[in-house]
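**Q** I am sharing work.cif, which consists of mmCIF, N, CA and C atoms:
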data_coords
loop_
_atom_site.label_atom_id
_atom_site.label_comp_id
_atom_site.auth_asym_id
_atom_site.auth_seq_id
_atom_site.Cartn_x
_atom_site.Cartn_y
_atom_site.Cartn_z
N PHE E 1 -7.86 4.07 11.24
CA PHE E 1 -6.47 4.33 11.52
C PHE E 1 -5.76 4.67 10.23
N ASP E 2 -4.67 5.37 10.34
CA ASP E 2 -3.83 5.65 9.18
C ASP E 2 -2.81 4.52 9.06
N PRO E 3 -2.82 3.78 7.95
CA PRO E 3 -1.82 2.72 7.77
C PRO E 3 -0.40 3.28 7.70
N ARG E 4 0.55 2.41 7.84
CA ARG E 4 1.96 2.79 7.78
C ARG E 4 2.24 3.68 6.57
N GLY E 5 2.82 4.85 6.84
CA GLY E 5 3.22 5.74 5.76
C GLY E 5 2.13 6.63 5.21
N TYR E 6 0.92 6.59 5.81
CA TYR E 6 -0.19 7.44 5.37
C TYR E 6 -0.57 8.40 6.49
N GLY E 7 -1.05 9.57 6.12
CA GLY E 7 -1.59 10.51 7.10
C GLY E 7 -0.66 10.76 8.26
N ASN E 8 -1.16 10.51 9.47
CA ASN E 8 -0.37 10.75 10.67
C ASN E 8 0.50 9.57 11.07
N SER E 9 0.50 8.50 10.28
CA SER E 9 1.34 7.33 10.57
C SER E 9 2.63 7.39 9.77
N LYS E 10 3.33 8.51 9.89
CA LYS E 10 4.61 8.69 9.24
C LYS E 10 5.59 9.20 10.28
N PRO E 11 6.83 8.89 10.27
CA PRO E 11 7.41 7.92 9.35
C PRO E 11 6.93 6.51 9.67
N PRO E 12 7.10 5.58 8.81
CA PRO E 12 7.91 5.61 7.60
C PRO E 12 7.13 6.22 6.43
N ARG E 13 7.84 6.58 5.40
CA ARG E 13 7.23 7.03 4.15
C ARG E 13 6.66 5.81 3.45
N ARG E 14 5.47 5.94 2.91
CA ARG E 14 4.85 4.82 2.18
C ARG E 14 5.73 4.46 1.00
N GLN E 15 6.03 3.20 0.84
CA GLN E 15 6.89 2.73 -0.25
C GLN E 15 6.04 2.05 -1.32
N PHE E 16 5.72 2.79 -2.36
CA PHE E 16 4.92 2.23 -3.44
C PHE E 16 5.74 1.38 -4.38
N SER E 17 7.07 1.44 -4.25
CA SER E 17 7.91 0.59 -5.09
C SER E 17 7.79 -0.87 -4.66
N ILE E 18 7.40 -1.08 -3.40
CA ILE E 18 7.10 -2.44 -2.93
C ILE E 18 5.78 -2.82 -3.59
N ASN E 19 5.56 -4.09 -3.81
CA ASN E 19 4.32 -4.56 -4.41
C ASN E 19 3.13 -3.95 -3.65
N PRO E 20 2.27 -3.18 -4.34
CA PRO E 20 1.16 -2.53 -3.64
C PRO E 20 0.20 -3.54 -3.01
N ILE E 21 0.10 -4.73 -3.57
CA ILE E 21 -0.78 -5.74 -2.97
C ILE E 21 -0.22 -6.12 -1.60
N HIS E 22 1.10 -6.25 -1.51
CA HIS E 22 1.73 -6.55 -0.22
C HIS E 22 1.40 -5.46 0.79
N ASN E 23 1.50 -4.19 0.38
CA ASN E 23 1.19 -3.08 1.28
C ASN E 23 -0.24 -3.18 1.78
N LEU E 24 -1.18 -3.46 0.88
CA LEU E 24 -2.59 -3.50 1.25
C LEU E 24 -2.89 -4.69 2.16
N LEU E 25 -2.24 -5.82 1.91
CA LEU E 25 -2.40 -6.97 2.81
C LEU E 25 -1.81 -6.65 4.18
N GLN E 26 -0.66 -5.98 4.21
CA GLN E 26 -0.06 -5.60 5.49
C GLN E 26 -0.98 -4.64 6.24
N ASP E 27 -1.61 -3.72 5.52
CA ASP E 27 -2.56 -2.80 6.15
C ASP E 27 -3.71 -3.58 6.78
N ALA E 28 -4.20 -4.61 6.08
CA ALA E 28 -5.29 -5.43 6.61
C ALA E 28 -4.85 -6.14 7.89
N LEU E 29 -3.67 -6.73 7.86
CA LEU E 29 -3.16 -7.43 9.04
C LEU E 29 -2.93 -6.47 10.20
N ASP E 30 -2.40 -5.28 9.90
CA ASP E 30 -2.19 -4.26 10.93
C ASP E 30 -3.52 -3.83 11.54
N GLY E 31 -4.53 -3.64 10.70
CA GLY E 31 -5.85 -3.24 11.19
C GLY E 31 -6.44 -4.29 12.13
N HIS E 32 -6.33 -5.54 11.75
CA HIS E 32 -6.84 -6.62 12.61
C HIS E 32 -6.05 -6.66 13.93
N SER E 33 -4.74 -6.54 13.85
CA SER E 33 -3.91 -6.54 15.07
C SER E 33 -4.27 -5.39 15.99
N LEU E 34 -4.52 -4.23 15.41
CA LEU E 34 -4.90 -3.06 16.21
C LEU E 34 -6.21 -3.33 16.95
N MET E 35 -7.19 -3.87 16.26
CA MET E 35 -8.48 -4.14 16.89
C MET E 35 -8.35 -5.19 17.99
N GLN E 36 -7.52 -6.19 17.76
CA GLN E 36 -7.26 -7.20 18.79
C GLN E 36 -6.60 -6.56 20.01
N GLU E 37 -5.62 -5.71 19.77
CA GLU E 37 -4.91 -5.03 20.86
C GLU E 37 -5.87 -4.15 21.67
N LEU E 38 -6.86 -3.58 21.00
CA LEU E 38 -7.85 -2.74 21.67
C LEU E 38 -8.94 -3.55 22.36
N GLY E 39 -8.90 -4.87 22.17
CA GLY E 39 -9.85 -5.75 22.85
C GLY E 39 -11.11 -6.07 22.07
N PHE E 40 -11.12 -5.81 20.77
CA PHE E 40 -12.29 -6.09 19.94
C PHE E 40 -12.08 -7.38 19.15
N ASP E 41 -12.94 -8.37 19.41
CA ASP E 41 -12.87 -9.61 18.63
C ASP E 41 -13.68 -9.49 17.35
N ALA E 42 -14.73 -8.66 17.38
CA ALA E 42 -15.57 -8.42 16.20
C ALA E 42 -15.80 -6.92 16.09
N PHE E 43 -15.86 -6.43 14.87
CA PHE E 43 -15.94 -4.99 14.64
C PHE E 43 -16.46 -4.73 13.23
N SER E 44 -16.85 -3.50 12.98
CA SER E 44 -17.26 -3.05 11.65
C SER E 44 -16.12 -2.21 11.07
N ILE E 45 -16.05 -2.19 9.75
CA ILE E 45 -14.98 -1.47 9.07
C ILE E 45 -15.56 -0.48 8.08
N LEU E 46 -15.02 0.73 8.08
CA LEU E 46 -15.27 1.72 7.04
C LEU E 46 -13.94 1.91 6.33
N GLY E 47 -13.95 1.81 5.00
CA GLY E 47 -12.71 1.97 4.27
C GLY E 47 -12.90 2.78 3.00
N TRP E 48 -12.01 3.74 2.79
CA TRP E 48 -12.06 4.59 1.60
C TRP E 48 -10.77 4.41 0.82
N SER E 49 -10.88 4.35 -0.50
CA SER E 49 -9.74 4.27 -1.40
C SER E 49 -8.91 3.03 -1.08
N ASP E 50 -7.60 3.18 -0.90
CA ASP E 50 -6.77 2.02 -0.56
C ASP E 50 -7.22 1.37 0.74
N GLY E 51 -7.77 2.17 1.65
CA GLY E 51 -8.30 1.61 2.90
C GLY E 51 -9.46 0.68 2.65
N GLY E 52 -10.23 0.94 1.60
CA GLY E 52 -11.32 0.03 1.24
C GLY E 52 -10.81 -1.30 0.72
N VAL E 53 -9.72 -1.24 -0.05
CA VAL E 53 -9.10 -2.48 -0.55
C VAL E 53 -8.54 -3.28 0.63
N ALA E 54 -7.85 -2.58 1.54
CA ALA E 54 -7.33 -3.26 2.73
C ALA E 54 -8.48 -3.85 3.55
N ALA E 55 -9.59 -3.13 3.64
CA ALA E 55 -10.75 -3.62 4.39
C ALA E 55 -11.32 -4.89 3.74
N MET E 56 -11.36 -4.94 2.41
CA MET E 56 -11.84 -6.16 1.74
C MET E 56 -10.91 -7.33 2.03
N HIS E 57 -9.60 -7.06 2.02
CA HIS E 57 -8.64 -8.12 2.37
C HIS E 57 -8.87 -8.58 3.81
N LEU E 58 -9.01 -7.62 4.74
CA LEU E 58 -9.20 -7.98 6.14
C LEU E 58 -10.47 -8.82 6.31
N ALA E 59 -11.56 -8.40 5.68
CA ALA E 59 -12.83 -9.12 5.80
C ALA E 59 -12.74 -10.53 5.20
N SER E 60 -11.88 -10.72 4.22
CA SER E 60 -11.75 -12.05 3.62
C SER E 60 -10.83 -12.95 4.45
N ILE E 61 -9.84 -12.36 5.11
CA ILE E 61 -8.90 -13.14 5.92
C ILE E 61 -9.50 -13.49 7.28
N TYR E 62 -10.26 -12.56 7.85
CA TYR E 62 -10.86 -12.73 9.17
C TYR E 62 -12.38 -12.54 9.09
N PRO E 63 -13.10 -13.40 8.37
CA PRO E 63 -14.54 -13.18 8.19
C PRO E 63 -15.34 -13.14 9.49
N ALA E 64 -14.94 -13.90 10.49
CA ALA E 64 -15.68 -13.91 11.75
C ALA E 64 -15.50 -12.61 12.53
N ALA E 65 -14.42 -11.89 12.26
CA ALA E 65 -14.14 -10.65 13.00
C ALA E 65 -14.90 -9.45 12.45
N VAL E 66 -15.30 -9.50 11.18
CA VAL E 66 -15.90 -8.33 10.54
C VAL E 66 -17.42 -8.47 10.51
N LYS E 67 -18.09 -7.63 11.34
CA LYS E 67 -19.55 -7.68 11.44
C LYS E 67 -20.19 -6.97 10.25
N LYS E 68 -19.67 -5.82 9.90
CA LYS E 68 -20.20 -5.03 8.79
C LYS E 68 -19.03 -4.39 8.06
N LEU E 69 -19.21 -4.20 6.76
CA LEU E 69 -18.17 -3.65 5.91
C LEU E 69 -18.77 -2.57 5.02
N VAL E 70 -18.21 -1.36 5.11
CA VAL E 70 -18.64 -0.25 4.26
C VAL E 70 -17.39 0.25 3.54
N ILE E 71 -17.43 0.20 2.23
CA ILE E 71 -16.30 0.71 1.45
C ILE E 71 -16.82 1.67 0.39
N TRP E 72 -15.99 2.65 0.07
CA TRP E 72 -16.33 3.58 -1.01
C TRP E 72 -15.05 4.12 -1.62
N GLY E 73 -15.16 4.49 -2.87
CA GLY E 73 -13.99 5.00 -3.57
C GLY E 73 -12.90 3.96 -3.70
N SER E 74 -13.28 2.70 -3.75
CA SER E 74 -12.32 1.58 -3.81
C SER E 74 -12.66 0.69 -4.99
N ASN E 75 -11.69 -0.09 -5.40
CA ASN E 75 -11.95 -1.05 -6.47
C ASN E 75 -11.15 -2.32 -6.24
N ALA E 76 -11.70 -3.42 -6.73
CA ALA E 76 -11.05 -4.73 -6.57
C ALA E 76 -10.05 -5.00 -7.68
N PHE E 77 -10.10 -4.20 -8.73
CA PHE E 77 -9.17 -4.35 -9.86
C PHE E 77 -8.92 -2.99 -10.47
N VAL E 78 -7.86 -2.90 -11.25
CA VAL E 78 -7.50 -1.66 -11.93
C VAL E 78 -7.71 -1.87 -13.42
N SER E 79 -8.51 -1.00 -14.02
CA SER E 79 -8.83 -1.10 -15.45
C SER E 79 -8.04 -0.06 -16.25
N LYS E 80 -8.08 -0.21 -17.55
CA LYS E 80 -7.44 0.77 -18.44
C LYS E 80 -8.04 2.15 -18.21
N GLU E 81 -9.35 2.20 -18.01
CA GLU E 81 -10.02 3.48 -17.77
C GLU E 81 -9.55 4.11 -16.47
N ASP E 82 -9.31 3.27 -15.44
CA ASP E 82 -8.78 3.79 -14.18
C ASP E 82 -7.43 4.45 -14.41
N ILE E 83 -6.57 3.77 -15.15
CA ILE E 83 -5.23 4.30 -15.42
C ILE E 83 -5.32 5.63 -16.15
N GLU E 84 -6.21 5.72 -17.12
CA GLU E 84 -6.39 6.98 -17.85
C GLU E 84 -6.82 8.10 -16.91
N CYS E 85 -7.72 7.80 -15.97
CA CYS E 85 -8.16 8.81 -15.00
C CYS E 85 -7.03 9.19 -14.06
N PHE E 86 -6.29 8.19 -13.57
CA PHE E 86 -5.16 8.48 -12.67
C PHE E 86 -4.15 9.40 -13.34
N GLU E 87 -3.84 9.10 -14.60
CA GLU E 87 -2.84 9.90 -15.32
C GLU E 87 -3.27 11.36 -15.42
N LYS E 88 -4.56 11.61 -15.51
CA LYS E 88 -5.05 12.99 -15.59
C LYS E 88 -4.84 13.75 -14.29
N THR E 89 -4.60 13.02 -13.21
CA THR E 89 -4.39 13.67 -11.91
C THR E 89 -2.93 13.69 -11.48
N ARG E 90 -2.04 13.16 -12.30
CA ARG E 90 -0.63 13.02 -11.90
C ARG E 90 0.00 14.36 -11.51
N ASP E 91 -0.22 15.39 -12.28
CA ASP E 91 0.36 16.70 -11.98
C ASP E 91 -0.54 17.40 -10.97
N ILE E 92 -0.12 17.37 -9.70
CA ILE E 92 -0.98 17.94 -8.66
C ILE E 92 -1.12 19.45 -8.76
N MET E 93 -0.27 20.10 -9.55
CA MET E 93 -0.41 21.54 -9.74
C MET E 93 -1.66 21.88 -10.56
N ASN E 94 -2.23 20.86 -11.22
CA ASN E 94 -3.48 21.06 -11.96
C ASN E 94 -4.70 20.77 -11.10
N TRP E 95 -4.50 20.35 -9.86
CA TRP E 95 -5.61 20.07 -8.96
C TRP E 95 -6.23 21.36 -8.45
N ASN E 96 -7.43 21.25 -7.95
CA ASN E 96 -8.07 22.33 -7.23
C ASN E 96 -7.15 22.70 -6.07
N ARG E 97 -6.91 23.98 -5.89
CA ARG E 97 -5.96 24.45 -4.88
C ARG E 97 -6.31 23.95 -3.48
N THR E 98 -7.58 23.98 -3.12
CA THR E 98 -7.99 23.54 -1.79
C THR E 98 -7.67 22.06 -1.57
N MET E 99 -7.96 21.24 -2.58
CA MET E 99 -7.69 19.81 -2.48
C MET E 99 -6.19 19.55 -2.37
N ARG E 100 -5.41 20.20 -3.23
CA ARG E 100 -3.96 20.03 -3.21
C ARG E 100 -3.38 20.46 -1.87
N GLU E 101 -3.80 21.61 -1.38
CA GLU E 101 -3.26 22.12 -0.13
C GLU E 101 -3.63 21.22 1.05
N HIS E 102 -4.78 20.60 0.99
CA HIS E 102 -5.16 19.65 2.04
C HIS E 102 -4.13 18.53 2.14
N PHE E 103 -3.82 17.91 1.01
CA PHE E 103 -2.87 16.79 1.01
C PHE E 103 -1.44 17.26 1.29
N GLU E 104 -1.09 18.43 0.80
CA GLU E 104 0.24 18.96 1.10
C GLU E 104 0.38 19.28 2.59
N GLY E 105 -0.73 19.65 3.22
CA GLY E 105 -0.71 19.89 4.66
C GLY E 105 -0.41 18.62 5.44
N ILE E 106 -0.79 17.48 4.91
CA ILE E 106 -0.54 16.19 5.57
C ILE E 106 0.84 15.66 5.20
N TYR E 107 1.17 15.69 3.91
CA TYR E 107 2.38 15.04 3.41
C TYR E 107 3.53 16.00 3.10
N GLY E 108 3.27 17.28 3.14
CA GLY E 108 4.32 18.26 2.84
C GLY E 108 4.69 18.26 1.37
N SER E 109 5.89 18.74 1.11
CA SER E 109 6.35 18.87 -0.28
C SER E 109 6.55 17.51 -0.95
N ASP E 110 6.51 16.45 -0.19
CA ASP E 110 6.67 15.10 -0.72
C ASP E 110 5.40 14.57 -1.38
N PHE E 111 4.29 15.30 -1.24
CA PHE E 111 3.03 14.76 -1.76
C PHE E 111 3.05 14.53 -3.27
N GLY E 112 3.57 15.46 -4.05
CA GLY E 112 3.60 15.29 -5.51
C GLY E 112 4.33 14.01 -5.92
N PRO E 113 5.57 13.81 -5.47
CA PRO E 113 6.27 12.57 -5.81
C PRO E 113 5.57 11.32 -5.26
N LEU E 114 4.99 11.42 -4.06
CA LEU E 114 4.29 10.27 -3.48
C LEU E 114 3.09 9.89 -4.33
N TRP E 115 2.32 10.90 -4.75
CA TRP E 115 1.15 10.66 -5.59
C TRP E 115 1.56 10.02 -6.93
N SER E 116 2.61 10.52 -7.51
CA SER E 116 3.11 9.97 -8.77
C SER E 116 3.54 8.51 -8.60
N GLU E 117 4.19 8.21 -7.48
CA GLU E 117 4.58 6.82 -7.20
C GLU E 117 3.37 5.92 -7.04
N TRP E 118 2.30 6.44 -6.40
CA TRP E 118 1.08 5.65 -6.25
C TRP E 118 0.50 5.33 -7.64
N ILE E 119 0.45 6.33 -8.51
CA ILE E 119 -0.05 6.09 -9.87
C ILE E 119 0.81 5.05 -10.57
N ASP E 120 2.13 5.17 -10.46
CA ASP E 120 3.02 4.18 -11.08
C ASP E 120 2.75 2.78 -10.53
N SER E 121 2.47 2.66 -9.24
CA SER E 121 2.20 1.35 -8.66
C SER E 121 0.89 0.78 -9.22
N MET E 122 -0.11 1.64 -9.45
CA MET E 122 -1.37 1.16 -10.03
C MET E 122 -1.17 0.74 -11.49
N ILE E 123 -0.31 1.43 -12.20
CA ILE E 123 0.02 1.04 -13.57
C ILE E 123 0.66 -0.35 -13.56
N ASN E 124 1.56 -0.59 -12.59
CA ASN E 124 2.19 -1.91 -12.50
C ASN E 124 1.17 -2.99 -12.16
N VAL E 125 0.21 -2.69 -11.30
CA VAL E 125 -0.85 -3.66 -11.00
C VAL E 125 -1.64 -3.95 -12.27
N PHE E 126 -1.97 -2.90 -13.02
CA PHE E 126 -2.72 -3.07 -14.26
C PHE E 126 -1.95 -3.96 -15.24
N LYS E 127 -0.66 -3.69 -15.40
CA LYS E 127 0.16 -4.48 -16.33
C LYS E 127 0.27 -5.94 -15.89
N ASP E 128 0.08 -6.17 -14.58
CA ASP E 128 0.17 -7.53 -14.04
C ASP E 128 -1.20 -8.21 -13.96
N GLY E 129 -2.19 -7.67 -14.66
CA GLY E 129 -3.51 -8.28 -14.70
C GLY E 129 -4.60 -7.46 -14.03
N GLY E 130 -4.22 -6.45 -13.24
CA GLY E 130 -5.20 -5.53 -12.67
C GLY E 130 -5.78 -5.92 -11.32
N ASN E 131 -5.46 -7.09 -10.81
CA ASN E 131 -6.08 -7.57 -9.59
C ASN E 131 -5.54 -6.88 -8.34
N LEU E 132 -6.44 -6.26 -7.58
CA LEU E 132 -6.09 -5.71 -6.27
C LEU E 132 -6.56 -6.63 -5.14
N CYS E 133 -7.77 -7.19 -5.30
CA CYS E 133 -8.30 -8.08 -4.27
C CYS E 133 -9.48 -8.92 -4.77
N GLN E 134 -9.56 -9.15 -6.07
CA GLN E 134 -10.70 -9.89 -6.62
C GLN E 134 -10.87 -11.27 -5.98
N GLU E 135 -9.74 -11.96 -5.71
CA GLU E 135 -9.83 -13.31 -5.15
C GLU E 135 -10.40 -13.29 -3.74
N SER E 136 -10.36 -12.14 -3.08
CA SER E 136 -10.87 -12.03 -1.72
C SER E 136 -12.38 -11.87 -1.66
N LEU E 137 -12.97 -11.35 -2.70
CA LEU E 137 -14.39 -11.01 -2.66
C LEU E 137 -15.30 -12.17 -2.29
N PRO E 138 -15.14 -13.37 -2.86
CA PRO E 138 -16.04 -14.46 -2.49
C PRO E 138 -15.90 -14.92 -1.04
N LEU E 139 -14.83 -14.55 -0.38
CA LEU E 139 -14.58 -14.97 1.00
C LEU E 139 -15.20 -14.02 2.03
N ILE E 140 -15.65 -12.87 1.57
CA ILE E 140 -16.22 -11.87 2.49
C ILE E 140 -17.63 -12.31 2.87
N GLN E 141 -17.89 -12.33 4.18
CA GLN E 141 -19.20 -12.73 4.69
C GLN E 141 -20.00 -11.55 5.26
N ALA E 142 -19.33 -10.45 5.55
CA ALA E 142 -19.99 -9.30 6.17
C ALA E 142 -20.94 -8.63 5.18
N PRO E 143 -22.08 -8.17 5.71
CA PRO E 143 -22.98 -7.40 4.82
C PRO E 143 -22.43 -6.01 4.57
#
Once you've parsed the file, please lay out its structure as structure tokens.
**A**
Amino acid sequence: FDPRGYGNSKPPRRQFSINPIHNLLQDALDGHSLMQELGFDAFSILGWSDGGVAAMHLASIYPAAVKKLVIWGSNAFVSKEDIECFEKTRDIMNWNRTMREHFEGIYGSDFGPLWSEWIDSMINVFKDGGNLCQESLPLIQAP
């Protein structure tokens, strides 16, 4: 599913000025609620990027509900090297045209500012110790 403010789940616009950890925890809770509403007590999760972080949170909060967990392109913490890489992508006009147009097709002209806000939120996480979900990792039981 697209979490609040991502992809086809807009409006609302994703608010990166809110603590990004809060957003990711809310995404985890929303994902669990959605699966419950659909009648699934146990399920597998695939998560990419921020969705992977939300998936790790969900698997740690509801270990009995998550049968299998597959994540990619995600991290439990933000490092200095991550910030350096993110900064290199801040100006979306330097992106590959196909990649940029894909995201602009989803988010419209707001994608550049939205991407910049996401980078700023990751910088704030880094300055606050870098933790995205490290404390959740030992609680995950799913293979």
**Q** Looking at E:Met56, E:Lys67, E:Ser136, E:Ser121, which one is nearest to Asn19 in chain E, with distances taken over all atoms listed in the file?
**A** E:Ser121
**Q** Kindly indicate which residue among E:Leu139, E:Cys133, E:Met122, E:Ile92 lies nearest to Leu24 in chain E, using only C-alpha atoms for the distances.
**A**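 Closest candidate: E:Cys133.
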**Q** Could you please determine the separation between CA of Ile21 in chain E and CA of Ile119 in chain E in Å, to one decimal place?
**A**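 Computing the Euclidean distance for CA of Ile21 in chain E and CA of Ile119 in chain E yields 13.7 Å.
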**Q** Taking (6.0, 14.6, -2.6) in the file's coordinates as the center, which residues reach within 12 Å of it, counting only C-alpha atoms, put as a PyMOL selection string?
**A** chain E and resi 13-14+90-93+100+103-118
**Q** Restricting the output to N, CA and C atoms, write the selected residues as a CSV table (one decimal), in the coordinates of the input.
**A**
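Okay, result_9.csv is ready:
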chain,number,residue,atom,x,y,z
E,13,ARG,N,7.8,6.6,5.4
E,13,ARG,CA,7.2,7.0,4.2
E,13,ARG,C,6.7,5.8,3.4
E,14,ARG,N,5.5,5.9,2.9
E,14,ARG,CA,4.8,4.8,2.2
E,14,ARG,C,5.7,4.5,1.0
E,90,ARG,N,-2.0,13.2,-12.3
E,90,ARG,CA,-0.6,13.0,-11.9
E,90,ARG,C,0.0,14.4,-11.5
E,91,ASP,N,-0.2,15.4,-12.3
E,91,ASP,CA,0.4,16.7,-12.0
E,91,ASP,C,-0.5,17.4,-11.0
E,92,ILE,N,-0.1,17.4,-9.7
E,92,ILE,CA,-1.0,17.9,-8.7
E,92,ILE,C,-1.1,19.4,-8.8
E,93,MET,N,-0.3,20.1,-9.6
E,93,MET,CA,-0.4,21.5,-9.7
E,93,MET,C,-1.7,21.9,-10.6
E,100,ARG,N,-5.4,20.2,-3.2
E,100,ARG,CA,-4.0,20.0,-3.2
E,100,ARG,C,-3.4,20.5,-1.9
E,103,PHE,N,-3.8,17.9,1.0
E,103,PHE,CA,-2.9,16.8,1.0
E,103,PHE,C,-1.4,17.3,1.3
E,104,GLU,N,-1.1,18.4,0.8
E,104,GLU,CA,0.2,19.0,1.1
E,104,GLU,C,0.4,19.3,2.6
E,105,GLY,N,-0.7,19.6,3.2
E,105,GLY,CA,-0.7,19.9,4.7
E,105,GLY,C,-0.4,18.6,5.4
E,106,ILE,N,-0.8,17.5,4.9
E,106,ILE,CA,-0.5,16.2,5.6
E,106,ILE,C,0.8,15.7,5.2
E,107,TYR,N,1.2,15.7,3.9
E,107,TYR,CA,2.4,15.0,3.4
E,107,TYR,C,3.5,16.0,3.1
E,108,GLY,N,3.3,17.3,3.1
E,108,GLY,CA,4.3,18.3,2.8
E,108,GLY,C,4.7,18.3,1.4
E,109,SER,N,5.9,18.7,1.1
E,109,SER,CA,6.4,18.9,-0.3
E,109,SER,C,6.6,17.5,-1.0
E,110,ASP,N,6.5,16.4,-0.2
E,110,ASP,CA,6.7,15.1,-0.7
E,110,ASP,C,5.4,14.6,-1.4
E,111,PHE,N,4.3,15.3,-1.2
E,111,PHE,CA,3.0,14.8,-1.8
E,111,PHE,C,3.0,14.5,-3.3
E,112,GLY,N,3.6,15.5,-4.0
E,112,GLY,CA,3.6,15.3,-5.5
E,112,GLY,C,4.3,14.0,-5.9
E,113,PRO,N,5.6,13.8,-5.5
E,113,PRO,CA,6.3,12.6,-5.8
E,113,PRO,C,5.6,11.3,-5.3
E,114,LEU,N,5.0,11.4,-4.1
E,114,LEU,CA,4.3,10.3,-3.5
E,114,LEU,C,3.1,9.9,-4.3
E,115,TRP,N,2.3,10.9,-4.8
E,115,TRP,CA,1.2,10.7,-5.6
E,115,TRP,C,1.6,10.0,-6.9
E,116,SER,N,2.6,10.5,-7.5
E,116,SER,CA,3.1,10.0,-8.8
E,116,SER,C,3.5,8.5,-8.6
E,117,GLU,N,4.2,8.2,-7.5
E,117,GLU,CA,4.6,6.8,-7.2
E,117,GLU,C,3.4,5.9,-7.0
E,118,TRP,N,2.3,6.4,-6.4
E,118,TRP,CA,1.1,5.6,-6.2
E,118,TRP,C,0.5,5.3,-7.6
**Q** Kindly give the distance, in Å, that separates CA of Ile71 in chain E and CA of Ala142 in chain E, rounded to a single decimal.
**A**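 Interatomic distance here is 11.7 Å.
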